[in-house]
$ cat upload.txt   # compact mmCIF, C-alpha atoms and all ligand atoms
# COMPACT_ATOMS: atom_id res chain seq x y z
CA MET A 23 41.87 -6.03 0.65
CA GLY A 24 40.46 -2.63 -0.27
CA GLY A 25 36.97 -4.08 -0.57
CA HIS A 26 36.92 -5.44 2.96
CA VAL A 27 38.17 -2.19 4.41
CA VAL A 28 35.49 -0.27 2.54
CA ILE A 29 32.68 -2.59 3.59
CA GLY A 30 33.93 -2.60 7.19
CA LEU A 31 34.05 1.17 7.19
CA ILE A 32 30.56 1.50 5.75
CA GLY A 33 29.32 -0.88 8.42
CA ILE A 34 30.83 1.21 11.19
CA LEU A 35 29.69 4.52 9.71
CA ALA A 36 26.18 3.33 9.24
CA LEU A 37 25.56 1.52 12.51
CA ALA A 38 23.81 4.59 13.80
CA HIS A 39 21.36 4.73 10.91
CA GLY A 40 19.01 1.84 10.90
CA THR A 41 17.23 -0.27 13.45
CA ILE A 42 15.48 -3.50 12.64
CA ALA A 43 12.73 -5.35 14.43
CA GLU A 44 13.73 -8.40 16.46
CA ASP A 45 13.04 -11.78 14.99
CA LEU A 46 11.63 -14.17 17.63
CA GLY A 47 10.09 -17.47 16.63
CA THR A 48 7.46 -17.99 13.96
CA CYS A 49 4.79 -15.52 13.05
CA ASN A 50 2.09 -18.15 13.44
CA ALA A 51 3.13 -18.93 17.03
CA HIS A 52 3.21 -15.22 17.78
CA VAL A 53 -0.29 -14.75 16.32
CA THR A 54 -1.64 -17.70 18.31
CA GLN A 55 -0.14 -16.42 21.52
CA SER A 56 -1.00 -12.73 21.07
CA CYS A 57 -4.57 -13.38 20.04
CA SER A 58 -5.24 -15.52 23.11
CA GLU A 59 -4.18 -12.72 25.44
CA ILE A 60 -6.56 -10.22 26.99
CA GLY A 61 -6.47 -6.74 25.44
CA SER A 62 -6.48 -5.25 21.96
CA GLU A 63 -2.84 -4.30 21.38
CA TRP A 64 -0.92 -5.87 18.56
CA ASN A 65 2.85 -6.05 18.36
CA ALA A 66 4.22 -7.31 15.08
CA GLY A 67 7.04 -9.28 16.72
CA PRO A 68 8.33 -11.88 14.28
CA CYS A 69 5.58 -11.04 11.77
CA ASN A 70 7.89 -8.87 9.70
CA ALA A 71 9.20 -8.75 6.15
CA LEU A 72 12.76 -9.72 7.08
CA PHE A 73 14.31 -12.77 5.49
CA GLY A 74 17.67 -14.03 4.35
CA GLY A 75 20.65 -11.74 4.62
CA PHE A 76 18.87 -8.43 4.43
CA ARG A 77 19.83 -7.49 7.96
CA GLY A 78 23.50 -7.76 7.10
CA ASN A 79 22.96 -5.27 4.27
CA SER A 80 20.94 -2.74 6.18
CA ASN A 81 23.86 -0.47 7.02
CA SER A 82 25.38 -0.47 3.57
CA LEU A 83 21.96 0.26 2.03
CA HIS A 84 21.35 3.20 4.37
CA GLN A 85 24.74 4.57 3.44
CA LEU A 86 23.96 4.13 -0.24
CA MET A 87 20.64 5.93 0.20
CA VAL A 88 22.10 8.89 2.08
CA THR A 89 24.84 9.38 -0.52
CA GLN A 90 22.19 9.49 -3.26
CA PHE A 91 20.47 12.37 -1.47
CA GLN A 92 23.83 13.97 -0.82
CA ASP A 93 24.81 13.76 -4.48
CA SER A 94 21.41 15.15 -5.42
CA PHE A 95 22.00 18.28 -3.34
CA LYS A 96 25.58 18.61 -4.54
CA LEU A 97 24.50 18.46 -8.17
CA LEU A 98 21.76 20.99 -7.53
CA ALA A 99 24.22 23.37 -5.86
CA MET A 100 26.66 22.96 -8.73
CA GLY A 101 24.03 23.24 -11.46
CA SER A 102 22.52 26.41 -10.02
CA TYR A 103 25.70 28.38 -10.74
CA PHE A 104 25.19 27.90 -14.47
CA SER A 105 21.73 29.48 -14.49
CA SER A 106 22.88 32.88 -13.21
CA ASP A 107 22.68 35.87 -15.56
CA GLU A 108 26.47 36.22 -15.71
CA VAL A 109 27.16 32.64 -16.61
CA ASN A 110 23.99 31.72 -18.49
CA ARG A 111 24.88 28.20 -19.57
CA LEU A 112 21.36 26.90 -19.40
CA GLY A 113 22.20 23.66 -21.18
CA ILE A 114 24.83 22.72 -18.59
CA HIS A 115 22.38 23.77 -15.90
CA LYS A 116 19.68 21.53 -17.33
CA THR A 117 22.05 18.57 -17.66
CA VAL A 118 23.37 18.83 -14.10
CA VAL A 119 19.97 19.49 -12.49
CA ALA A 120 18.52 16.50 -14.38
CA GLN A 121 21.19 14.41 -12.63
CA SER A 122 20.20 15.98 -9.31
CA ASP A 123 16.59 14.93 -9.94
CA LYS A 124 17.72 11.46 -10.86
CA HIS A 125 19.74 11.08 -7.64
CA TRP A 126 16.78 12.32 -5.63
CA SER A 127 14.59 9.60 -7.16
CA ASN A 128 17.35 7.07 -6.53
CA GLY A 129 17.47 8.04 -2.86
CA LYS A 130 13.72 7.63 -2.57
CA ALA A 131 13.82 4.28 -4.39
CA LEU A 132 16.43 3.01 -1.92
CA MET A 133 14.38 4.29 1.00
CA GLU A 134 11.32 2.47 -0.32
CA TYR A 135 13.32 -0.68 -0.87
CA ILE A 136 14.72 -0.64 2.67
CA LEU A 137 11.15 -0.35 4.00
CA LYS A 138 9.91 -3.01 1.63
CA ARG A 139 12.42 -5.42 3.12
CA GLY A 140 11.40 -4.70 6.71
CA GLY A 141 14.00 -2.01 7.45
CA ARG A 142 13.40 1.29 9.21
CA MET A 143 14.56 4.88 8.95
CA GLY A 144 16.54 5.71 12.08
CA THR A 145 16.73 8.94 14.04
CA GLN A 146 20.08 9.83 12.50
CA PHE A 147 18.73 10.52 9.02
CA LYS A 148 20.35 13.66 7.65
CA VAL A 149 22.25 14.79 4.59
CA SER A 150 25.74 16.20 5.18
CA ASP A 151 28.33 17.63 2.78
CA VAL A 152 25.88 19.17 0.37
CA THR A 153 28.12 21.74 -1.29
CA MET A 154 30.47 21.43 -4.21
CA ASP A 155 33.88 23.07 -4.29
CA ASN A 156 33.79 25.97 -6.72
CA VAL A 157 32.96 24.24 -9.96
CA LYS A 158 32.76 27.06 -12.47
CA GLY A 159 33.77 25.66 -15.83
CA GLU A 160 31.53 23.90 -18.29
CA VAL A 161 33.88 20.96 -18.87
CA GLU A 162 34.65 20.92 -15.17
CA ALA A 163 30.94 20.57 -14.37
CA LEU A 164 30.65 17.57 -16.67
CA GLY A 165 33.82 16.16 -15.07
CA ALA A 166 32.43 16.59 -11.56
CA THR A 167 29.15 14.98 -12.67
CA LEU A 168 31.09 12.06 -14.13
CA ASP A 169 33.04 11.63 -10.90
CA ILE A 170 29.81 11.58 -8.88
CA LEU A 171 28.28 8.98 -11.21
CA LYS A 172 31.35 6.74 -11.13
CA LYS A 173 31.69 6.95 -7.37
CA GLY A 174 28.00 6.11 -7.06
CA ALA A 175 28.42 3.12 -9.36
CA GLU A 176 31.45 1.93 -7.35
CA ARG A 177 29.49 2.25 -4.11
CA THR A 178 26.65 0.29 -5.66
CA ASN A 179 29.15 -2.36 -6.73
CA ALA A 180 30.45 -2.58 -3.16
CA ALA A 181 26.91 -3.01 -1.83
CA TYR A 182 26.28 -5.59 -4.56
CA ARG A 183 29.39 -7.55 -3.61
CA HIS A 184 28.30 -7.46 0.04
CA ALA A 185 24.84 -8.71 -0.95
CA LEU A 186 26.40 -11.69 -2.70
CA ASN A 187 28.80 -12.55 0.12
CA LYS A 188 27.98 -16.17 1.00
CA LYS A 189 29.90 -16.23 4.27
CA MET A 190 27.79 -17.65 7.12
CA HIS A 191 28.16 -16.17 10.59
CA TYR A 192 27.00 -19.12 12.71
CA ASP A 193 27.64 -17.25 15.96
CA ASP A 194 25.80 -14.14 14.75
CA PRO A 195 23.45 -14.81 11.80
CA GLY A 196 22.43 -11.12 11.83
CA GLN A 197 25.72 -10.46 10.07
CA ASP A 198 24.97 -12.77 7.16
CA SER A 199 24.54 -10.66 4.08
CA PHE A 200 23.78 -13.09 1.26
CA ASP A 201 20.74 -11.52 -0.40
CA PRO A 202 20.19 -12.26 -4.11
CA ALA A 203 16.96 -10.22 -4.10
CA LEU A 204 18.90 -7.13 -3.14
CA ALA A 205 21.61 -7.86 -5.69
CA HIS A 206 18.92 -8.16 -8.35
CA PHE A 207 17.37 -4.85 -7.29
CA LEU A 208 20.71 -3.03 -7.42
CA GLU A 209 21.52 -4.51 -10.79
CA GLU A 210 18.20 -3.69 -12.35
CA GLU A 211 17.40 -0.33 -10.80
CA PHE A 212 20.89 1.16 -10.45
CA LEU A 213 23.74 -0.47 -12.31
CA ALA A 214 22.04 -0.46 -15.70
CA SER A 215 21.31 3.27 -15.61
CA TYR A 216 24.70 4.14 -14.10
CA THR A 217 26.34 2.38 -17.03
CA SER A 218 24.42 4.43 -19.60
CA GLU A 219 24.73 7.73 -17.79
CA ILE A 220 28.46 7.39 -17.22
CA ARG A 221 28.97 6.77 -20.92
CA GLU A 222 26.69 9.60 -21.94
CA THR A 223 28.37 12.09 -19.61
CA VAL A 224 31.92 11.15 -20.52
CA GLY A 225 31.01 11.25 -24.20
CA GLN A 226 29.71 14.78 -23.91
CA LEU A 227 32.69 15.79 -21.80
CA ASN A 228 35.24 14.59 -24.31
CA LEU A 229 33.47 16.31 -27.19
CA LEU A 230 33.21 19.58 -25.30
CA ALA A 231 36.74 19.43 -23.91
CA LYS A 232 38.24 19.19 -27.42
CA ILE A 233 36.22 22.16 -28.60
CA ALA A 234 36.98 24.16 -25.47
CA ARG A 235 40.73 23.38 -25.48
CA ASP A 236 41.11 25.07 -28.87
CA ASP A 237 41.59 28.83 -28.51
CA LYS A 238 39.86 29.41 -31.84
CA THR A 239 36.68 27.46 -31.05
CA ARG A 240 36.32 27.89 -27.30
CA ALA A 241 34.08 30.96 -27.07
CA MET A 242 31.66 30.02 -29.85
CA GLY A 243 31.93 26.30 -29.16
CA LEU A 244 30.93 26.56 -25.51
CA HIS A 245 27.88 28.54 -26.54
CA LEU A 246 26.84 26.13 -29.29
CA PHE A 247 27.40 23.05 -27.16
CA ASP A 248 25.39 24.59 -24.37
CA GLN A 249 22.54 25.21 -26.80
CA HIS A 250 22.83 21.60 -27.91
CA LEU A 251 22.55 20.38 -24.32
CA LEU A 252 19.56 22.63 -23.74
CA LYS A 253 17.71 21.03 -26.65
CA ALA A 254 18.79 17.47 -25.85
CA MET B 29 54.59 26.13 -19.63
CA LEU B 30 50.89 26.04 -18.97
CA ARG B 31 50.29 24.65 -22.46
CA THR B 32 52.65 21.74 -21.90
CA THR B 33 51.01 20.91 -18.60
CA CYS B 34 47.68 21.11 -20.31
CA LEU B 35 48.59 18.51 -22.89
CA LEU B 36 47.88 16.03 -20.12
CA LEU B 37 44.27 14.92 -20.13
CA VAL B 38 43.95 15.78 -16.43
CA CYS B 39 44.26 19.42 -17.28
CA ALA B 40 40.74 19.46 -18.70
CA ILE B 41 39.51 19.16 -15.15
CA SER B 42 42.20 20.82 -13.07
CA VAL B 43 42.96 24.17 -14.73
CA THR B 44 39.69 24.88 -16.46
CA HIS B 45 39.83 28.60 -16.08
CA GLN B 46 42.88 29.06 -18.22
CA SER B 47 42.20 26.35 -20.70
CA CYS B 48 38.63 25.10 -21.14
CA SER B 49 36.42 27.88 -19.93
CA ILE B 50 35.91 31.56 -20.56
CA GLY B 51 34.65 32.63 -17.16
CA PRO B 52 32.31 35.51 -16.46
CA GLN B 53 35.12 38.08 -16.10
CA ALA B 54 36.47 37.62 -19.61
CA ASP B 55 33.97 39.86 -21.39
CA PRO B 56 35.80 43.07 -22.44
CA HIS B 57 32.53 45.00 -22.19
CA GLY B 58 31.87 43.69 -18.68
CA ARG B 59 29.03 41.35 -17.82
CA ALA B 60 25.49 42.66 -17.97
CA GLN B 61 23.62 42.44 -14.68
CA ALA B 62 19.95 41.54 -14.34
CA GLU B 63 19.57 43.07 -10.91
CA ASP B 64 18.70 46.75 -10.63
CA GLN B 65 19.58 48.91 -7.67
CA HIS B 66 15.99 50.12 -7.26
CA ASN B 67 14.48 46.74 -6.56
CA TYR B 68 17.32 44.40 -5.65
CA HIS B 69 18.36 44.62 -2.02
CA GLU B 70 20.82 42.36 -0.29
CA ALA B 71 18.73 41.82 2.87
CA CYS B 72 15.76 40.48 0.93
CA VAL B 73 17.99 38.38 -1.30
CA GLU B 74 19.75 36.88 1.71
CA GLY B 75 16.39 36.05 3.23
CA LEU B 76 15.31 34.32 0.03
CA ARG B 77 18.53 32.32 0.08
CA SER B 78 17.98 31.16 3.64
CA GLN B 79 14.51 29.89 2.75
CA ILE B 80 15.99 27.31 0.33
CA ARG B 81 17.39 25.25 3.19
CA LYS B 82 14.11 25.36 5.14
CA GLU B 83 12.27 23.91 2.17
CA PHE B 84 14.78 21.08 1.93
CA GLU B 85 14.50 20.43 5.66
CA ALA B 86 10.74 20.15 5.31
CA SER B 87 11.29 17.83 2.36
CA LEU B 88 13.47 15.45 4.38
CA GLN B 89 10.93 15.46 7.20
CA TYR B 90 8.16 14.48 4.78
CA LEU B 91 10.37 11.66 3.50
CA LEU B 92 10.64 10.31 7.04
CA MET B 93 6.87 10.56 7.45
CA GLY B 94 6.28 8.66 4.24
CA ALA B 95 8.90 6.10 5.31
CA TYR B 96 7.22 5.48 8.66
CA PHE B 97 3.91 4.62 6.99
CA ALA B 98 5.73 2.29 4.58
CA GLN B 99 7.08 0.15 7.45
CA ASP B 100 6.02 -3.51 7.33
CA ASP B 101 4.25 -3.10 10.70
CA VAL B 102 2.35 0.05 9.64
CA ASN B 103 1.66 -0.37 5.91
CA LEU B 104 -0.65 2.57 5.29
CA ALA B 105 0.26 3.21 1.67
CA GLY B 106 -2.07 6.20 1.25
CA PHE B 107 -0.21 8.16 3.91
CA THR B 108 3.11 7.19 2.33
CA LYS B 109 1.93 8.34 -1.07
CA MET B 110 0.75 11.68 0.30
CA PHE B 111 3.86 12.37 2.35
CA PHE B 112 6.24 11.36 -0.44
CA GLU B 113 4.37 13.74 -2.75
CA HIS B 114 4.81 16.46 -0.13
CA ALA B 115 8.53 15.64 0.04
CA ASP B 116 8.84 16.18 -3.71
CA GLU B 117 6.83 19.39 -3.50
CA GLU B 118 9.06 20.79 -0.77
CA ARG B 119 12.16 19.95 -2.75
CA GLY B 120 10.47 21.67 -5.68
CA HIS B 121 9.92 24.76 -3.53
CA GLY B 122 13.62 24.85 -2.66
CA ILE B 123 14.41 24.72 -6.37
CA GLN B 124 11.80 27.42 -7.08
CA PHE B 125 13.58 29.71 -4.62
CA ILE B 126 16.89 29.05 -6.38
CA GLU B 127 15.28 29.80 -9.73
CA TYR B 128 13.63 32.94 -8.43
CA LEU B 129 16.96 34.22 -7.11
CA ARG B 130 18.54 33.55 -10.50
CA HIS B 131 15.60 35.22 -12.19
CA ARG B 132 16.31 38.35 -10.18
CA GLY B 133 20.03 38.27 -10.89
CA ASP B 134 21.53 36.69 -7.77
CA GLU B 135 24.91 35.17 -8.56
CA GLU B 136 25.77 33.59 -5.21
CA ILE B 137 27.47 30.24 -5.75
CA ASN B 138 26.99 28.59 -2.39
CA LEU B 139 23.21 28.64 -2.15
CA LEU B 140 22.87 25.58 0.06
CA GLY B 141 25.43 26.40 2.74
CA SER B 142 27.68 23.75 4.24
CA ASP B 143 25.76 22.55 7.32
CA PRO B 144 24.03 19.16 7.17
CA ILE B 145 20.42 19.29 6.08
CA LEU B 146 18.25 17.78 8.83
CA PRO B 147 14.56 16.82 8.87
CA ILE B 148 12.90 19.94 10.22
CA LEU B 149 11.13 18.24 13.16
CA GLY B 150 13.80 15.62 13.79
CA LYS B 151 11.16 12.95 14.17
CA ASN B 152 10.96 9.46 12.65
CA THR B 153 8.00 7.68 14.28
CA TRP B 154 4.35 8.57 14.81
CA ALA B 155 1.60 7.05 16.91
CA ASP B 156 -0.85 7.16 14.00
CA GLY B 157 -1.84 9.00 10.84
CA GLU B 158 -3.53 11.77 12.76
CA GLU B 159 -0.38 12.63 14.68
CA ALA B 160 1.59 12.75 11.43
CA LEU B 161 -1.02 14.98 9.78
CA ARG B 162 -0.93 17.30 12.79
CA ASP B 163 2.86 17.46 12.51
CA ALA B 164 2.56 18.17 8.80
CA LEU B 165 0.22 21.07 9.53
CA GLU B 166 2.58 22.36 12.21
CA MET B 167 5.45 22.16 9.76
CA GLU B 168 3.52 24.10 7.11
CA LYS B 169 2.79 26.77 9.69
CA ILE B 170 6.48 27.03 10.56
CA VAL B 171 7.24 27.53 6.87
CA SER B 172 4.42 30.09 6.49
CA GLY B 173 5.79 31.94 9.50
CA SER B 174 9.25 32.14 8.00
CA ILE B 175 7.78 33.34 4.69
CA LYS B 176 5.87 36.05 6.56
CA LYS B 177 9.12 37.19 8.19
CA LEU B 178 10.75 37.14 4.81
CA ILE B 179 8.02 39.37 3.37
CA ASP B 180 8.68 41.81 6.22
CA VAL B 181 12.37 41.82 5.35
CA CYS B 182 11.62 42.40 1.65
CA ASP B 183 9.19 45.21 2.47
CA ASN B 184 11.47 47.23 4.65
CA ASP B 185 11.81 51.04 4.73
CA ALA B 186 13.34 52.54 1.62
CA LYS B 187 14.54 49.13 0.45
CA GLN B 188 11.30 47.54 -0.61
CA ASP B 189 11.37 44.70 -3.06
CA TYR B 190 7.72 44.68 -4.07
CA HIS B 191 8.17 41.95 -6.61
CA ALA B 192 9.72 39.51 -4.13
CA ALA B 193 7.09 40.41 -1.54
CA ASP B 194 4.38 39.85 -4.14
CA TRP B 195 5.87 36.56 -5.32
CA LEU B 196 6.18 35.34 -1.75
CA THR B 197 2.60 36.36 -1.03
CA GLY B 198 0.90 35.43 -4.27
CA THR B 199 2.76 32.22 -5.07
CA PHE B 200 4.08 30.91 -1.79
CA LEU B 201 1.64 31.98 0.87
CA GLU B 202 -1.16 31.08 -1.50
CA GLU B 203 0.14 27.54 -1.72
CA GLN B 204 0.89 27.40 2.00
CA PHE B 205 -2.66 28.41 2.86
CA GLN B 206 -4.13 25.90 0.46
CA GLY B 207 -1.96 23.24 2.06
CA GLN B 208 -2.88 24.30 5.58
CA ARG B 209 -6.59 24.32 4.77
CA HIS B 210 -6.32 20.91 3.16
CA LEU B 211 -4.38 19.36 6.06
CA ALA B 212 -6.63 20.89 8.72
CA GLY B 213 -9.67 19.50 6.90
CA LEU B 214 -8.09 16.05 6.67
CA ILE B 215 -7.17 16.09 10.36
CA ASN B 216 -10.65 17.11 11.47
CA SER B 217 -12.34 14.49 9.29
CA LEU B 218 -10.01 11.74 10.42
CA SER B 219 -10.00 12.74 14.07
CA THR B 220 -13.77 12.47 14.51
CA PHE B 221 -14.26 9.60 12.08
CA ARG B 222 -11.71 7.32 13.76
CA ARG B 223 -13.04 7.62 17.29
CA ASP B 224 -13.60 4.14 18.86
CA HIS B 225 -12.31 2.27 15.81
CA GLU B 226 -8.86 3.76 15.23
CA HIS B 227 -7.09 1.02 13.29
CA LEU B 228 -9.99 0.35 10.95
CA ALA B 229 -10.43 4.07 10.36
CA ASP B 230 -6.73 4.65 9.64
CA TRP B 231 -6.76 1.85 7.09
CA MET B 232 -9.92 3.19 5.41
CA PHE B 233 -8.58 6.73 5.45
CA SER B 234 -5.29 5.60 3.97
CA ASN B 235 -7.14 3.78 1.19
CA ASN B 236 -9.03 6.97 0.45
CA LEU B 237 -5.76 8.89 0.24
CA LEU B 238 -4.41 6.26 -2.11
CA SER B 239 -7.22 6.76 -4.60
CA ALA B 240 -7.33 10.55 -4.12
FE FE A 301 7.31 24.58 0.95
$ encode --input "upload.txt" --output "structure tokens" --more "lines below"
Ligand SMILES: [Fe+2]
Amino acid sequence: MGGHVVIGLIGILALAHGTIAEDLGTCNAHVTQSCSEIGSEWNAGPCNALFGGFRGNSNSLHQLMVTQFQDSFKLLAMGSYFSSDEVNRLGIHKTVVAQSDKHWSNGKALMEYILKRGGRMGTQFKVSDVTMDNVKGEVEALGATLDILKKGAERTNAAYRHALNKKMHYDDPGQDSFDPALAHFLEEEFLASYTSEIRETVGQLNLLAKIARDDKTRAMGLHLFDQHLLKA
Amino acid sequence: MLRTTCLLLVCAISVTHQSCSIGPQADPHGRAQAEDQHNYHEACVEGLRSQIRKEFEASLQYLLMGAYFAQDDVNLAGFTKMFFEHADEERGHGIQFIEYLRHRGDEEINLLGSDPILPILGKNTWADGEEALRDALEMEKIVSGSIKKLIDVCDNDAKQDYHAADWLTGTFLEEQFQGQRHLAGLINSLSTFRRDHEHLADWMFSNNLLSA
């Protein structure tokens, strides 16, 4: 039940984002007709990259892309706190900003993929909600990073499920979303690295949290762990 | 009481300040400050902060430019490559501003603000490569203009921040001017070269950008 609600919601949220060229007849017929007309203008018409259920995934992919950029800015905002003179946890800073960089690349990879498949960037492209609520602790920063990674992985899973939905919409084929090529892309480019990064982040968090929970080791431990992260 | 609550795993994330973190106020000697009252002035610092967002807005605009040229009905990969590189550079500039502020001792937490970040020109389609290059140049000039204003703010009356003014001039304006010169040159080459054979010229020009 939850899955359908989420996918439906993403669809509604993202309607404003993308537009896709109309598919009318075969490309060959279009070429034959266009090239016999007077003039030198070319309209691509049905000569586009669209096939299969990509159209039905366009909205969920745009949403996925925008949240990657959003998470990138959030991580950057959060990470920057740790590089101030007062706080000076340069290892935490490096770890969080590396995740910001990674999310930025992810956003670009999704953008390129959307274009590869014949999609477009709409006029509504923007990145909202770029700030993090006061994350000031070292363990807290790793926790917030973990939450972002897991949410991102869950969103990718939702898009993946949508891409493998075999339901046929005979009255409106534009809603069909079965697209194994997209599923493969998400699996290879996103899910594999999410899996490793979630494990890596939670592993670090649980090490640091134990050290930081102990009154006797907190002050020195936070410093040493930060140095460790800086060298990692 | 707090300790019992904190036995729960959740506590690691929810009450960090008491339990898993020291916090900057905990030093009995007080925290040392990098900023000095002779050179560090709030007006200049605030100006530097506001520039971060402009760099990100330029970055998003360059992404849209790159995206347009990657459309299946445009397919000029050289323009995409160039504009995506610009997008990364602009993001890098935003980060450089954050790092510079930290270098000088700024401790502000909310450096990005809470408003949505929008592509600076709000544009997502272009007639051709030349129009996009002209927009890119325009955008660089907007940024250079705001850096100039920022230098004025940092070089004000008795509250001069010579270092910030110098950094803005020597590092940022230097790069802006190089970018502007480069873009203007590209535009003028392309604009004359493409006359009477626009599509062929755009394709050739894009291929040149790809191997540049
Ligand atoms: Fe810039």
$ residues_around --input "upload.txt" --residues "B:Arg132" --least-positions-apart "3" --cutoff "7 Å" --atoms "only C-alpha atoms" --output "PDB file with C-alpha atoms, keeping the file's coordinate frame"
ATOM      1  CA  ALA B  62      19.950  41.540 -14.340  1.00  0.00           C
ATOM      2  CA  GLU B  63      19.570  43.070 -10.910  1.00  0.00           C
ATOM      3  CA  TYR B 128      13.630  32.940  -8.430  1.00  0.00           C
ATOM      4  CA  LEU B 129      16.960  34.220  -7.110  1.00  0.00           C
TER       5      LEU B 129
END
$ residues_near_ligand --input "upload.txt" --ligand "ligand FE 301 (chain A)" --cutoff "10 Å" --atoms "all atoms listed in the file" --output "ChimeraX atom specification"
/B:79-80,82-87,114-122,124-125,167-168,170-172,175,200-201,203-204,207
$ closest_residue --input "upload.txt" --among "A:Asn70, A:Ile220, A:Phe212, A:Asp248" --to "A:Lys138" --atoms "only C-alpha atoms"
A:Asn70
$ atom_distance --input "upload.txt" --atom1 "atom CA of A:Ile114" --atom2 "atom CA of B:Asp55"
19.6 Å
$ atom_distance --input "upload.txt" --atom1 "atom CA of A:Leu168" --atom2 "atom CA of A:Phe104"
16.9 Å
$ closest_residue --input "upload.txt" --among "B:Gly150, B:Gly133, B:Gly75, B:Gly198" --to "B:Leu91" --atoms "all atoms listed in the file"
B:Gly150
$ closest_residue --input "upload.txt" --among "A:Leu227, A:Val88, A:Val149, A:Ala180" --to "chain B" --atoms "all atoms listed in the file"
A:Val149
$ interface_residues --input "upload.txt" --of "chain A" --to "chain B" --cutoff "7 Å" --atoms "all atoms listed in the file" --output "PyMOL selection string"
chain A and resi 66+70-71+99+103+105-109+137-138+140+142-145+148-153+159-162+165+231+234-235+241
$ atom_distance --input "upload.txt" --atom1 "atom CA of B:Ala164" --atom2 "atom CA of B:Val181"
25.8 Å
$ residues_near_point --input "upload.txt" --point "(9.7, 39.4, -7.0)" --cutoff "10 Å" --atoms "only C-alpha atoms" --output "ChimeraX atom specification"
/B:67-68,128-129,131-132,182,189-197
$ closest_residue --input "upload.txt" --among "B:Ala54, B:Gly157, B:Ser78, B:Gly106" --to "B:Asn235" --atoms "all atoms listed in the file"
B:Gly106
$ residues_around --input "upload.txt" --residues "A:Ala185" --least-positions-apart "6" --cutoff "8 Å" --atoms "all atoms listed in the file" --output "number ranges by chain"
A: 75, 79, 199-202, 204-205
$ axis_aligned_box --input "upload.txt" --around "stretch 210-224 of chain A" --padding-each-side "3 Å" --output "JSON"
{"center_x": 24.7, "center_y": 4.2, "center_z": -16.2, "size_x": 20.5, "size_y": 21.8, "size_z": 17.5}
$ closest_residue --input "upload.txt" --among "A:Phe76, A:Val119, A:Ser215, A:Val53" --to "A:Gly141" --atoms "only C-alpha atoms"
A:Phe76
$ closest_residue --input "upload.txt" --among "B:Gln65, B:Ser217, B:Ser234, B:Ser239" --to "B:Gln188" --atoms "all atoms listed in the file"
B:Gln65
